[in-house]
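Here is the structure we will look at, set down as C-alpha coordinates.
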Amino acid sequence: MPFTHVLRSVVSEGAQKVREINRRYAKPRIAMSPAVRIALLVLRIYLLVLVGLLVYKFYTVVVS
Amino acid sequence: MTLAGPGLVVMIADNDAGGITTYAATGAKYGYNLIWFLLVLIPVAYYVQEMTVRLGAITKRGHAEAIFDAFGSFWGWFSLIDLFIVDWLTLVTEFIGMTSAMRIFGVPPWLTILAVVLLMGFIVLNGRYWTWEKIALGFCLLNLIYIPAALLVHPPLKQVLAEGLVPNFPGGFNGEMFFFLMANIGTTIAPWMLFFQQSSVVDKGMKEKDIPWGRFDTLLGSIITVVVAVFIVLLTGTILKGVNIDDAAQASALVMEKDKYAGAMMAIGLFDAGLLGAICISLASSWAFGEIFGWAHSLNTKIKEAPWFYFCYLFILITAGLVVLIPGAPLVLITLFVQVVAVTLLPAALVFLILLLNDKHTMGEHSNTLTQNLIGGAIIAVIIVLSTCYGISALFPNLFT
(Lines give C-alpha, C1' and ligand atoms only; values in the text may rest on other atoms or scores of the structure.)
Protein backbone atom coordinates (compact mmCIF):
# COMPACT_ATOMS: atom_id res chain seq x y z
CA MET A 1 0.00 0.00 0.00
CA PRO A 2 1.48 3.41 -0.94
CA PHE A 3 2.62 5.63 1.93
CA THR A 4 0.25 8.48 1.06
CA HIS A 5 -2.69 6.08 1.22
CA VAL A 6 -1.64 4.86 4.66
CA LEU A 7 -1.12 8.45 5.83
CA ARG A 8 -4.55 9.49 4.54
CA SER A 9 -6.13 6.55 6.31
CA VAL A 10 -4.38 7.37 9.63
CA VAL A 11 -5.40 11.06 9.40
CA SER A 12 -8.99 10.13 8.54
CA GLU A 13 -9.22 7.65 11.43
CA GLY A 14 -7.66 10.23 13.75
CA ALA A 15 -10.18 12.91 12.75
CA GLN A 16 -13.03 10.46 13.27
CA LYS A 17 -11.66 9.60 16.71
CA VAL A 18 -11.43 13.29 17.64
CA ARG A 19 -15.08 13.84 16.58
CA GLU A 20 -16.08 10.82 18.67
CA ILE A 21 -14.19 12.21 21.71
CA ASN A 22 -15.86 15.61 21.23
CA ARG A 23 -19.27 13.94 21.14
CA ARG A 24 -18.50 11.81 24.22
CA TYR A 25 -17.35 14.78 26.29
CA ALA A 26 -19.66 17.41 24.74
CA LYS A 27 -21.41 18.12 28.03
CA PRO A 28 -19.41 18.77 31.21
CA ARG A 29 -20.45 16.26 33.88
CA ILE A 30 -19.58 18.36 36.91
CA ALA A 31 -22.41 20.42 38.40
CA MET A 32 -21.94 24.03 37.24
CA SER A 33 -22.24 25.69 40.62
CA PRO A 34 -21.39 29.41 40.92
CA ALA A 35 -17.95 28.48 42.35
CA VAL A 36 -17.15 26.28 39.35
CA ARG A 37 -18.39 28.93 36.90
CA ILE A 38 -16.30 31.64 38.55
CA ALA A 39 -13.20 29.39 38.63
CA LEU A 40 -13.53 28.60 34.92
CA LEU A 41 -14.12 32.27 34.06
CA VAL A 42 -11.03 33.34 36.04
CA LEU A 43 -9.01 30.61 34.30
CA ARG A 44 -10.12 31.89 30.88
CA ILE A 45 -9.13 35.46 31.80
CA TYR A 46 -5.79 34.24 33.20
CA LEU A 47 -5.01 32.37 29.99
CA LEU A 48 -6.03 35.33 27.82
CA VAL A 49 -3.71 37.63 29.79
CA LEU A 50 -0.88 35.10 29.52
CA VAL A 51 -1.38 34.67 25.78
CA GLY A 52 -1.49 38.47 25.47
CA LEU A 53 1.89 38.71 27.24
CA LEU A 54 3.35 36.02 24.97
CA VAL A 55 2.12 37.85 21.86
CA TYR A 56 3.49 41.15 23.20
CA LYS A 57 6.87 39.52 23.89
CA PHE A 58 6.91 37.98 20.42
CA TYR A 59 6.06 41.38 18.91
CA THR A 60 8.83 43.19 20.82
CA VAL A 61 11.38 40.52 19.83
CA VAL A 62 10.38 40.75 16.16
CA VAL A 63 10.36 44.56 16.13
CA SER A 64 13.75 44.84 17.85
CA MET B 1 6.58 -1.02 51.06
CA THR B 2 4.32 -3.09 48.77
CA LEU B 3 2.12 -0.12 48.00
CA ALA B 4 4.92 2.42 47.98
CA GLY B 5 5.65 3.50 44.45
CA PRO B 6 3.86 6.23 42.53
CA GLY B 7 4.32 8.86 45.25
CA LEU B 8 7.98 8.04 45.82
CA VAL B 9 8.77 7.91 42.11
CA VAL B 10 6.96 11.14 41.21
CA MET B 11 8.40 13.08 44.13
CA ILE B 12 11.98 11.98 43.59
CA ALA B 13 11.63 12.46 39.83
CA ASP B 14 10.57 16.00 40.70
CA ASN B 15 14.27 16.56 41.49
CA ASP B 16 14.90 16.44 37.75
CA ALA B 17 17.73 18.09 35.82
CA GLY B 18 16.08 21.52 36.10
CA GLY B 19 15.46 21.01 39.81
CA ILE B 20 19.10 20.05 40.46
CA THR B 21 20.22 23.25 38.71
CA THR B 22 17.85 25.33 40.84
CA TYR B 23 19.04 23.77 44.13
CA ALA B 24 22.72 23.96 43.13
CA ALA B 25 22.31 27.63 42.19
CA THR B 26 20.40 28.34 45.44
CA GLY B 27 23.16 26.80 47.57
CA ALA B 28 25.92 28.58 45.66
CA LYS B 29 24.11 31.93 45.90
CA TYR B 30 22.75 31.90 49.45
CA GLY B 31 24.71 29.14 51.19
CA TYR B 32 22.61 27.37 53.83
CA ASN B 33 20.26 30.31 54.39
CA LEU B 34 17.32 29.03 52.34
CA ILE B 35 17.21 25.47 53.71
CA TRP B 36 14.23 26.44 55.88
CA PHE B 37 12.33 27.40 52.73
CA LEU B 38 13.00 23.99 51.19
CA LEU B 39 11.58 22.34 54.34
CA VAL B 40 8.40 24.40 53.92
CA LEU B 41 8.00 22.76 50.50
CA ILE B 42 7.38 19.30 52.08
CA PRO B 43 3.72 20.00 52.98
CA VAL B 44 3.27 22.01 49.77
CA ALA B 45 4.23 19.03 47.60
CA TYR B 46 2.38 16.56 49.82
CA TYR B 47 -0.97 18.35 49.92
CA VAL B 48 -1.13 18.79 46.16
CA GLN B 49 -0.01 15.30 45.18
CA GLU B 50 -2.12 13.58 47.84
CA MET B 51 -5.22 14.85 46.06
CA THR B 52 -4.22 12.99 42.88
CA VAL B 53 -3.97 9.76 44.90
CA ARG B 54 -7.56 10.08 46.15
CA LEU B 55 -8.85 11.12 42.75
CA GLY B 56 -7.12 8.27 40.93
CA ALA B 57 -8.06 5.60 43.49
CA ILE B 58 -11.74 6.60 43.57
CA THR B 59 -12.44 7.49 39.93
CA LYS B 60 -10.00 4.97 38.35
CA ARG B 61 -9.30 7.70 35.83
CA GLY B 62 -6.16 9.63 34.98
CA HIS B 63 -6.13 13.41 35.34
CA ALA B 64 -6.59 14.04 31.60
CA GLU B 65 -9.66 11.80 31.40
CA ALA B 66 -11.06 13.30 34.61
CA ILE B 67 -10.76 16.81 33.11
CA PHE B 68 -12.43 15.77 29.82
CA ASP B 69 -15.23 14.06 31.69
CA ALA B 70 -15.91 16.78 34.24
CA PHE B 71 -15.24 19.99 32.30
CA GLY B 72 -15.93 19.00 28.69
CA SER B 73 -13.85 18.75 25.55
CA PHE B 74 -12.64 22.40 25.42
CA TRP B 75 -10.76 22.21 28.71
CA GLY B 76 -9.89 18.59 27.99
CA TRP B 77 -8.14 19.35 24.68
CA PHE B 78 -6.51 22.42 26.17
CA SER B 79 -5.02 20.33 29.00
CA LEU B 80 -4.01 17.41 26.78
CA ILE B 81 -2.30 19.49 24.09
CA ASP B 82 -0.66 21.78 26.64
CA LEU B 83 0.54 18.75 28.61
CA PHE B 84 2.07 17.28 25.47
CA ILE B 85 3.94 20.52 24.68
CA VAL B 86 5.15 21.04 28.27
CA ASP B 87 6.20 17.41 28.61
CA TRP B 88 8.07 17.39 25.32
CA LEU B 89 9.92 20.61 26.12
CA THR B 90 10.71 19.40 29.65
CA LEU B 91 11.98 16.13 28.20
CA VAL B 92 14.38 18.11 26.01
CA THR B 93 15.72 19.79 29.16
CA GLU B 94 16.16 16.36 30.80
CA PHE B 95 18.24 15.24 27.81
CA ILE B 96 20.27 18.45 28.05
CA GLY B 97 20.97 17.61 31.71
CA MET B 98 21.86 13.98 31.00
CA THR B 99 24.17 14.75 28.07
CA SER B 100 25.91 17.57 30.00
CA ALA B 101 26.44 15.26 32.98
CA MET B 102 27.89 12.45 30.87
CA ARG B 103 30.08 14.88 28.91
CA ILE B 104 31.97 15.44 32.17
CA PHE B 105 33.00 11.75 31.97
CA GLY B 106 33.90 12.08 28.30
CA VAL B 107 30.78 10.38 26.94
CA PRO B 108 29.59 12.02 23.69
CA PRO B 109 25.95 13.26 23.63
CA TRP B 110 24.87 10.88 20.84
CA LEU B 111 25.99 7.88 22.87
CA THR B 112 24.20 9.13 26.01
CA ILE B 113 20.97 9.67 24.08
CA LEU B 114 21.17 6.32 22.33
CA ALA B 115 21.85 4.52 25.63
CA VAL B 116 19.00 6.37 27.40
CA VAL B 117 16.48 5.63 24.64
CA LEU B 118 17.45 1.93 24.62
CA LEU B 119 17.37 1.72 28.42
CA MET B 120 14.00 3.45 28.67
CA GLY B 121 12.61 1.32 25.87
CA PHE B 122 13.74 -1.79 27.73
CA ILE B 123 12.24 -0.55 31.02
CA VAL B 124 8.73 -0.12 29.63
CA LEU B 125 8.62 -2.86 27.03
CA ASN B 126 8.94 -5.68 29.57
CA GLY B 127 5.14 -5.60 29.95
CA ARG B 128 4.84 -5.40 33.74
CA TYR B 129 3.97 -2.34 35.84
CA TRP B 130 5.70 -3.88 38.86
CA THR B 131 8.97 -4.42 37.03
CA TRP B 132 8.89 -0.86 35.71
CA GLU B 133 8.23 0.47 39.20
CA LYS B 134 11.03 -1.54 40.79
CA ILE B 135 13.52 -0.28 38.20
CA ALA B 136 12.26 3.30 38.68
CA LEU B 137 12.62 2.91 42.48
CA GLY B 138 16.20 1.72 41.89
CA PHE B 139 16.95 4.97 40.08
CA CYS B 140 15.22 6.83 42.92
CA LEU B 141 17.67 5.20 45.32
CA LEU B 142 20.57 6.43 43.18
CA ASN B 143 19.18 9.97 43.60
CA LEU B 144 20.31 9.74 47.23
CA ILE B 145 23.92 9.96 45.97
CA TYR B 146 23.79 13.66 46.84
CA ILE B 147 23.82 12.75 50.54
CA PRO B 148 27.30 11.12 50.57
CA ALA B 149 28.48 13.75 48.05
CA ALA B 150 27.55 16.54 50.50
CA LEU B 151 29.04 14.67 53.46
CA LEU B 152 32.35 14.38 51.58
CA VAL B 153 32.78 18.17 51.64
CA HIS B 154 32.12 18.33 55.42
CA PRO B 155 29.49 21.07 55.78
CA PRO B 156 29.87 22.66 59.25
CA LEU B 157 26.89 21.31 61.23
CA LYS B 158 26.63 24.21 63.69
CA GLN B 159 26.64 26.79 60.91
CA VAL B 160 24.12 24.77 58.89
CA LEU B 161 21.72 24.60 61.85
CA ALA B 162 22.20 28.25 62.79
CA GLU B 163 21.78 29.64 59.28
CA GLY B 164 19.55 27.06 57.67
CA LEU B 165 16.75 26.39 60.13
CA VAL B 166 15.83 29.95 61.05
CA PRO B 167 13.70 31.71 58.42
CA ASN B 168 15.79 34.52 56.97
CA PHE B 169 16.42 36.36 53.71
CA PRO B 170 20.16 37.05 53.36
CA GLY B 171 20.65 40.46 51.78
CA GLY B 172 16.99 41.31 52.32
CA PHE B 173 13.88 40.39 50.36
CA ASN B 174 14.91 41.80 47.00
CA GLY B 175 14.11 40.91 43.39
CA GLU B 176 16.87 38.34 43.13
CA MET B 177 15.75 36.60 46.31
CA PHE B 178 12.17 36.56 45.03
CA PHE B 179 13.38 34.98 41.79
CA PHE B 180 15.14 32.19 43.70
CA LEU B 181 12.08 31.53 45.87
CA MET B 182 9.92 31.39 42.75
CA ALA B 183 12.36 29.02 41.05
CA ASN B 184 12.39 26.67 44.06
CA ILE B 185 8.62 26.54 44.35
CA GLY B 186 8.34 26.31 40.56
CA THR B 187 10.40 23.12 40.57
CA THR B 188 8.37 21.62 43.44
CA ILE B 189 5.11 21.20 41.56
CA ALA B 190 5.15 20.69 37.81
CA PRO B 191 2.06 19.95 35.65
CA TRP B 192 3.32 16.52 34.58
CA MET B 193 3.45 15.40 38.23
CA LEU B 194 -0.34 15.67 38.65
CA PHE B 195 -1.02 13.73 35.46
CA PHE B 196 1.71 11.17 36.15
CA GLN B 197 0.77 10.28 39.72
CA GLN B 198 -2.95 9.99 39.05
CA SER B 199 -2.41 7.77 35.98
CA SER B 200 0.18 5.77 37.87
CA VAL B 201 -2.24 5.16 40.75
CA VAL B 202 -4.80 3.91 38.21
CA ASP B 203 -2.31 1.71 36.31
CA LYS B 204 -1.09 0.23 39.58
CA GLY B 205 -4.68 -0.69 40.41
CA MET B 206 -4.84 1.14 43.75
CA LYS B 207 -8.26 1.00 45.36
CA GLU B 208 -10.14 3.06 47.92
CA LYS B 209 -8.69 0.95 50.75
CA ASP B 210 -5.16 1.73 49.51
CA ILE B 211 -5.54 5.50 49.93
CA PRO B 212 -3.81 5.58 53.36
CA TRP B 213 -0.82 3.75 51.83
CA GLY B 214 -0.87 6.15 48.89
CA ARG B 215 -0.75 9.03 51.36
CA PHE B 216 2.17 7.47 53.22
CA ASP B 217 3.97 6.87 49.93
CA THR B 218 3.42 10.49 48.88
CA LEU B 219 4.51 11.89 52.25
CA LEU B 220 7.65 9.74 52.24
CA GLY B 221 8.39 10.88 48.70
CA SER B 222 7.92 14.55 49.54
CA ILE B 223 10.26 14.24 52.55
CA ILE B 224 12.94 12.41 50.55
CA THR B 225 12.80 14.85 47.65
CA VAL B 226 13.35 17.81 49.99
CA VAL B 227 16.10 15.96 51.90
CA VAL B 228 17.93 15.42 48.59
CA ALA B 229 17.41 19.11 47.71
CA VAL B 230 18.82 20.14 51.10
CA PHE B 231 21.94 18.01 50.57
CA ILE B 232 22.49 19.58 47.13
CA VAL B 233 22.29 23.00 48.80
CA LEU B 234 24.74 21.79 51.47
CA LEU B 235 27.14 20.58 48.78
CA THR B 236 27.20 23.75 46.69
CA GLY B 237 26.72 26.01 49.71
CA THR B 238 29.89 24.57 51.28
CA ILE B 239 32.30 24.75 48.38
CA LEU B 240 30.74 27.00 45.75
CA LYS B 241 29.44 29.81 47.97
CA GLY B 242 29.42 33.07 46.01
CA VAL B 243 29.73 31.44 42.59
CA ASN B 244 27.00 32.11 40.01
CA ILE B 245 25.68 28.78 38.74
CA ASP B 246 24.00 28.58 35.33
CA ASP B 247 23.46 24.83 35.20
CA ALA B 248 24.04 21.74 37.29
CA ALA B 249 26.71 20.32 34.95
CA GLN B 250 28.76 23.49 35.39
CA ALA B 251 28.31 23.12 39.18
CA SER B 252 29.45 19.47 39.00
CA ALA B 253 32.57 20.43 37.05
CA LEU B 254 33.38 23.20 39.57
CA VAL B 255 32.81 20.86 42.52
CA MET B 256 35.04 18.30 40.81
CA GLU B 257 37.92 20.81 40.76
CA LYS B 258 37.77 20.95 44.56
CA ASP B 259 36.73 17.38 45.36
CA LYS B 260 36.77 14.95 42.45
CA TYR B 261 34.60 12.33 44.16
CA ALA B 262 31.92 14.79 45.26
CA GLY B 263 31.90 16.35 41.77
CA ALA B 264 31.65 12.93 40.11
CA MET B 265 28.78 11.98 42.43
CA MET B 266 27.01 15.23 41.59
CA ALA B 267 27.35 14.53 37.86
CA ILE B 268 26.06 10.95 38.33
CA GLY B 269 23.16 12.38 40.34
CA LEU B 270 22.41 14.86 37.57
CA PHE B 271 22.29 12.08 34.98
CA ASP B 272 20.05 10.02 37.24
CA ALA B 273 17.77 13.01 37.86
CA GLY B 274 17.39 13.60 34.12
CA LEU B 275 16.72 9.92 33.55
CA LEU B 276 14.06 9.71 36.28
CA GLY B 277 12.41 12.86 34.96
CA ALA B 278 12.44 11.45 31.44
CA ILE B 279 10.95 8.12 32.57
CA CYS B 280 8.01 9.83 34.28
CA ILE B 281 7.41 12.66 31.83
CA SER B 282 7.21 10.48 28.72
CA LEU B 283 4.84 8.14 30.54
CA ALA B 284 2.63 11.02 31.74
CA SER B 285 1.91 12.03 28.13
CA SER B 286 1.46 8.47 26.86
CA TRP B 287 -0.97 7.63 29.65
CA ALA B 288 -2.96 10.83 29.03
CA PHE B 289 -3.29 10.19 25.27
CA GLY B 290 -4.17 6.55 25.89
CA GLU B 291 -6.95 7.54 28.32
CA ILE B 292 -8.55 9.99 25.91
CA PHE B 293 -8.14 8.10 22.64
CA GLY B 294 -9.25 4.86 24.24
CA TRP B 295 -6.02 2.98 23.44
CA ALA B 296 -4.83 0.23 25.74
CA HIS B 297 -2.51 2.25 27.97
CA SER B 298 -1.18 0.11 30.76
CA LEU B 299 2.40 -0.90 31.46
CA ASN B 300 0.91 -4.34 32.10
CA THR B 301 0.17 -4.71 28.38
CA LYS B 302 2.53 -6.04 25.75
CA ILE B 303 3.57 -3.90 22.79
CA LYS B 304 1.24 -5.85 20.46
CA GLU B 305 -1.72 -5.11 22.73
CA ALA B 306 -0.99 -1.39 23.16
CA PRO B 307 0.97 -0.31 20.05
CA TRP B 308 -0.18 3.34 20.13
CA PHE B 309 0.67 3.74 23.81
CA TYR B 310 4.24 2.54 23.28
CA PHE B 311 4.54 4.42 19.97
CA CYS B 312 3.56 7.64 21.77
CA TYR B 313 6.07 6.94 24.56
CA LEU B 314 8.96 6.24 22.17
CA PHE B 315 8.00 9.05 19.76
CA ILE B 316 8.14 11.69 22.50
CA LEU B 317 11.37 10.22 23.84
CA ILE B 318 13.24 9.91 20.54
CA THR B 319 12.21 13.29 19.11
CA ALA B 320 13.16 15.10 22.33
CA GLY B 321 16.53 13.32 22.34
CA LEU B 322 17.20 14.17 18.68
CA VAL B 323 16.61 17.90 19.28
CA VAL B 324 19.58 17.99 21.65
CA LEU B 325 21.79 16.56 18.89
CA ILE B 326 20.84 19.22 16.32
CA PRO B 327 23.82 21.57 15.94
CA GLY B 328 22.85 25.08 17.00
CA ALA B 329 19.45 24.06 18.37
CA PRO B 330 18.06 26.85 20.61
CA LEU B 331 18.44 24.84 23.83
CA VAL B 332 18.64 27.87 26.13
CA LEU B 333 15.46 29.25 24.57
CA ILE B 334 13.74 25.88 25.05
CA THR B 335 14.79 25.82 28.72
CA LEU B 336 13.26 29.28 29.26
CA PHE B 337 10.18 28.49 27.18
CA VAL B 338 9.39 25.45 29.37
CA GLN B 339 8.74 27.76 32.33
CA VAL B 340 6.41 29.94 30.28
CA VAL B 341 4.39 27.09 28.78
CA ALA B 342 4.21 25.32 32.15
CA VAL B 343 2.42 28.30 33.71
CA THR B 344 -0.28 28.08 31.06
CA LEU B 345 -1.12 24.55 32.24
CA LEU B 346 -0.25 24.40 35.94
CA PRO B 347 -2.93 26.80 37.27
CA ALA B 348 -5.63 25.11 35.17
CA ALA B 349 -4.57 21.61 36.26
CA LEU B 350 -4.47 22.67 39.93
CA VAL B 351 -7.85 24.43 39.80
CA PHE B 352 -9.41 21.39 38.09
CA LEU B 353 -7.86 19.19 40.76
CA ILE B 354 -9.44 21.06 43.65
CA LEU B 355 -12.81 21.33 41.86
CA LEU B 356 -12.78 17.58 41.15
CA LEU B 357 -11.95 16.86 44.80
CA ASN B 358 -15.05 18.85 45.76
CA ASP B 359 -17.32 16.84 43.49
CA LYS B 360 -19.20 14.94 46.20
CA HIS B 361 -21.18 13.00 43.60
CA THR B 362 -17.98 11.24 42.44
CA MET B 363 -15.69 11.44 45.46
CA GLY B 364 -18.24 10.68 48.16
CA GLU B 365 -16.63 10.52 51.61
CA HIS B 366 -13.20 11.14 50.03
CA SER B 367 -14.09 14.62 48.79
CA ASN B 368 -12.16 17.48 50.34
CA THR B 369 -13.09 18.59 53.85
CA LEU B 370 -13.24 22.30 54.71
CA THR B 371 -9.77 22.11 56.28
CA GLN B 372 -8.34 20.34 53.24
CA ASN B 373 -9.92 22.98 51.00
CA LEU B 374 -8.50 25.82 53.08
CA ILE B 375 -4.98 24.35 53.22
CA GLY B 376 -5.01 22.99 49.67
CA GLY B 377 -6.62 26.15 48.30
CA ALA B 378 -4.07 28.41 50.02
CA ILE B 379 -1.16 26.28 48.80
CA ILE B 380 -2.52 26.20 45.26
CA ALA B 381 -3.09 29.97 45.28
CA VAL B 382 0.52 30.57 46.37
CA ILE B 383 1.86 28.11 43.79
CA ILE B 384 -0.17 29.76 41.02
CA VAL B 385 0.98 33.28 41.94
CA LEU B 386 4.67 32.36 42.35
CA SER B 387 4.89 30.05 39.34
CA THR B 388 3.13 32.67 37.20
CA CYS B 389 5.62 35.31 38.36
CA TYR B 390 8.42 32.83 37.59
CA GLY B 391 7.07 32.17 34.10
CA ILE B 392 6.60 35.87 33.40
CA SER B 393 10.12 36.57 34.68
CA ALA B 394 11.37 34.18 31.97
CA LEU B 395 9.60 36.39 29.41
CA PHE B 396 10.69 39.68 30.96
CA PRO B 397 13.95 38.97 32.84
CA ASN B 398 14.29 42.44 34.37
CA LEU B 399 10.80 42.52 35.85
CA PHE B 400 11.78 41.46 39.39
CA THR B 401 15.33 42.78 39.57
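By convention in this document, the chains of the C-alpha coordinates carry letters A, B, ... by their order, each chain's residues are numbered from 1, and ligands are numbered from 1 in the order they are shown.
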(request) With a distance threshold of 6 Å and counting only C-alpha atoms, extract the residues of chain B near chain A and express them as an NGL selection string. (result) :B and (69-73)
How about saving the chosen residues, N, CA and C atoms kept, as a short mmCIF file (atom, residue, chain, number, x, y, z; two decimals), in the first residue's frame?
```cif
data_model
loop_
_atom_site.label_atom_id
_atom_site.label_comp_id
_atom_site.auth_asym_id
_atom_site.auth_seq_id
_atom_site.Cartn_x
_atom_site.Cartn_y
_atom_site.Cartn_z
N ASP B 69 -13.93 14.52 31.22
CA ASP B 69 -15.23 14.06 31.69
C ASP B 69 -15.96 15.15 32.47
N ALA B 70 -15.25 15.82 33.36
CA ALA B 70 -15.91 16.78 34.24
C ALA B 70 -16.13 18.14 33.60
N PHE B 71 -15.17 18.60 32.79
CA PHE B 71 -15.24 19.99 32.30
C PHE B 71 -15.48 20.11 30.79
N GLY B 72 -15.62 18.97 30.12
CA GLY B 72 -15.93 19.00 28.69
C GLY B 72 -14.70 19.03 27.80
N SER B 73 -14.96 18.95 26.49
CA SER B 73 -13.85 18.75 25.55
C SER B 73 -12.95 19.99 25.39
#
```
(message) When you look at Asn15 of chain B with a cut-off of 7 Å (counting only C-alpha atoms), what residues show up, excluding the ones that are within fewer than 3 positions of it in the same chain? I need them as a list in words.
(response)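 Once the adjacent positions are removed, what remains is Ile12, Gly19, Ile20, Thr225 and Ala273 of chain B.
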(message) From the options B:Ala296, B:Val117, B:Val201, B:Leu80, which residue's atoms come nearest to Glu65 of chain B, counting only C-alpha atoms?
(response)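 The shortest atom-to-atom distance to Glu65 of chain B comes from B:Leu80.
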(request) Please identify all polymer residues within 8 Å of segment 213-220 of chain B, counting only C-alpha atoms, omitting same-chain residues fewer than 5 positions from it, and present them as a PyMOL selection string. (result) chain B and resi 3-8+11+42+46+49-50+53
(message) Report as a list in words all protein, DNA and RNA residues lying within 7 Å of segment 366-372 of chain B, evaluated on only C-alpha atoms, omitting residues in the same chain fewer than 6 positions from it.
(response)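 Residues near the query, excluding close chain neighbours: Arg54, Leu357, Asn358, Asp359 and Lys360 of chain B.
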(message) I'd like the neighbourhood of Glu163 of chain B as a list in words, where a residue qualifies if any of its atoms comes within 6 Å (using only C-alpha atoms), though same-chain residues fewer than 4 positions away should be ignored.
(response)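 Once the nearby chain positions are removed, what remains is Tyr32, Asn33 and Gln159 of chain B.
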Hey, can you spit out that residue selection with C-alpha atoms as a PDB file, in the first residue's frame?
```pdb
ATOM      1  CA  TYR B  32      22.613  27.369  53.825  1.00  0.00           C
ATOM      2  CA  ASN B  33      20.259  30.306  54.391  1.00  0.00           C
ATOM      3  CA  GLN B 159      26.637  26.785  60.909  1.00  0.00           C
TER       4      GLN B 159
END
```
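Restricting the calculation to only C-alpha atoms, the smallest distance between Tyr23 of chain B and any of B:Leu111, B:Leu299, B:Val324, B:Ala248 is found for B:Ala248.
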(request) Name the residues of segment 78-307 of chain B that come out as alpha helix (DSSP H) in a backbone DSSP run; write them as a PyMOL selection string. (result) chain B and resi 78-104+109-124+129-142+146-152+157-164+175-188+191-204+211-239+248-258+260-293+307
(request) Using only C-alpha atoms, determine which residues lie at most 8 Å from segment 332-346 of chain B, disregarding the query and same-chain residues fewer than 3 positions distant; provide the list as a list in words. (result) Leu47 and Leu50 of chain A; Ser79, Asp82, Leu83, Ile85, Val86, Leu89, Thr90, Val92, Thr93, Ala190, Pro191, Ala349, Leu350, Ile384, Ser387, Thr388, Tyr390, Gly391, Ile392, Ala394 and Leu395 of chain B
(request) Would you kindly return, as a count of residues only, each protein, DNA or RNA residue with an atom no farther than 6 Å from any atom of Gly62 of chain B, considering only C-alpha atoms and excluding same-chain residues fewer than 2 positions away? (result) 4
(message) For a quick check of understanding, using only C-alpha atoms, which of B:Ala267, B:Val351, B:Ile245, B:Ala136 has the smallest distance to Leu41 of chain A?
(response)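 Looking at the shortest contact to Leu41 of chain A, the residue is B:Val351.
Atom CA of Met51 of chain B is positioned 11.9 Å from atom CA of Pro212 of chain B.
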(request) Would you mind telling me which residue in B:Leu386, B:Leu142, B:Ile104, B:Leu355 lies nearest to Asn373 of chain B when using only C-alpha atoms? (result)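 Of all the options, B:Leu355 lies closest to Asn373 of chain B.
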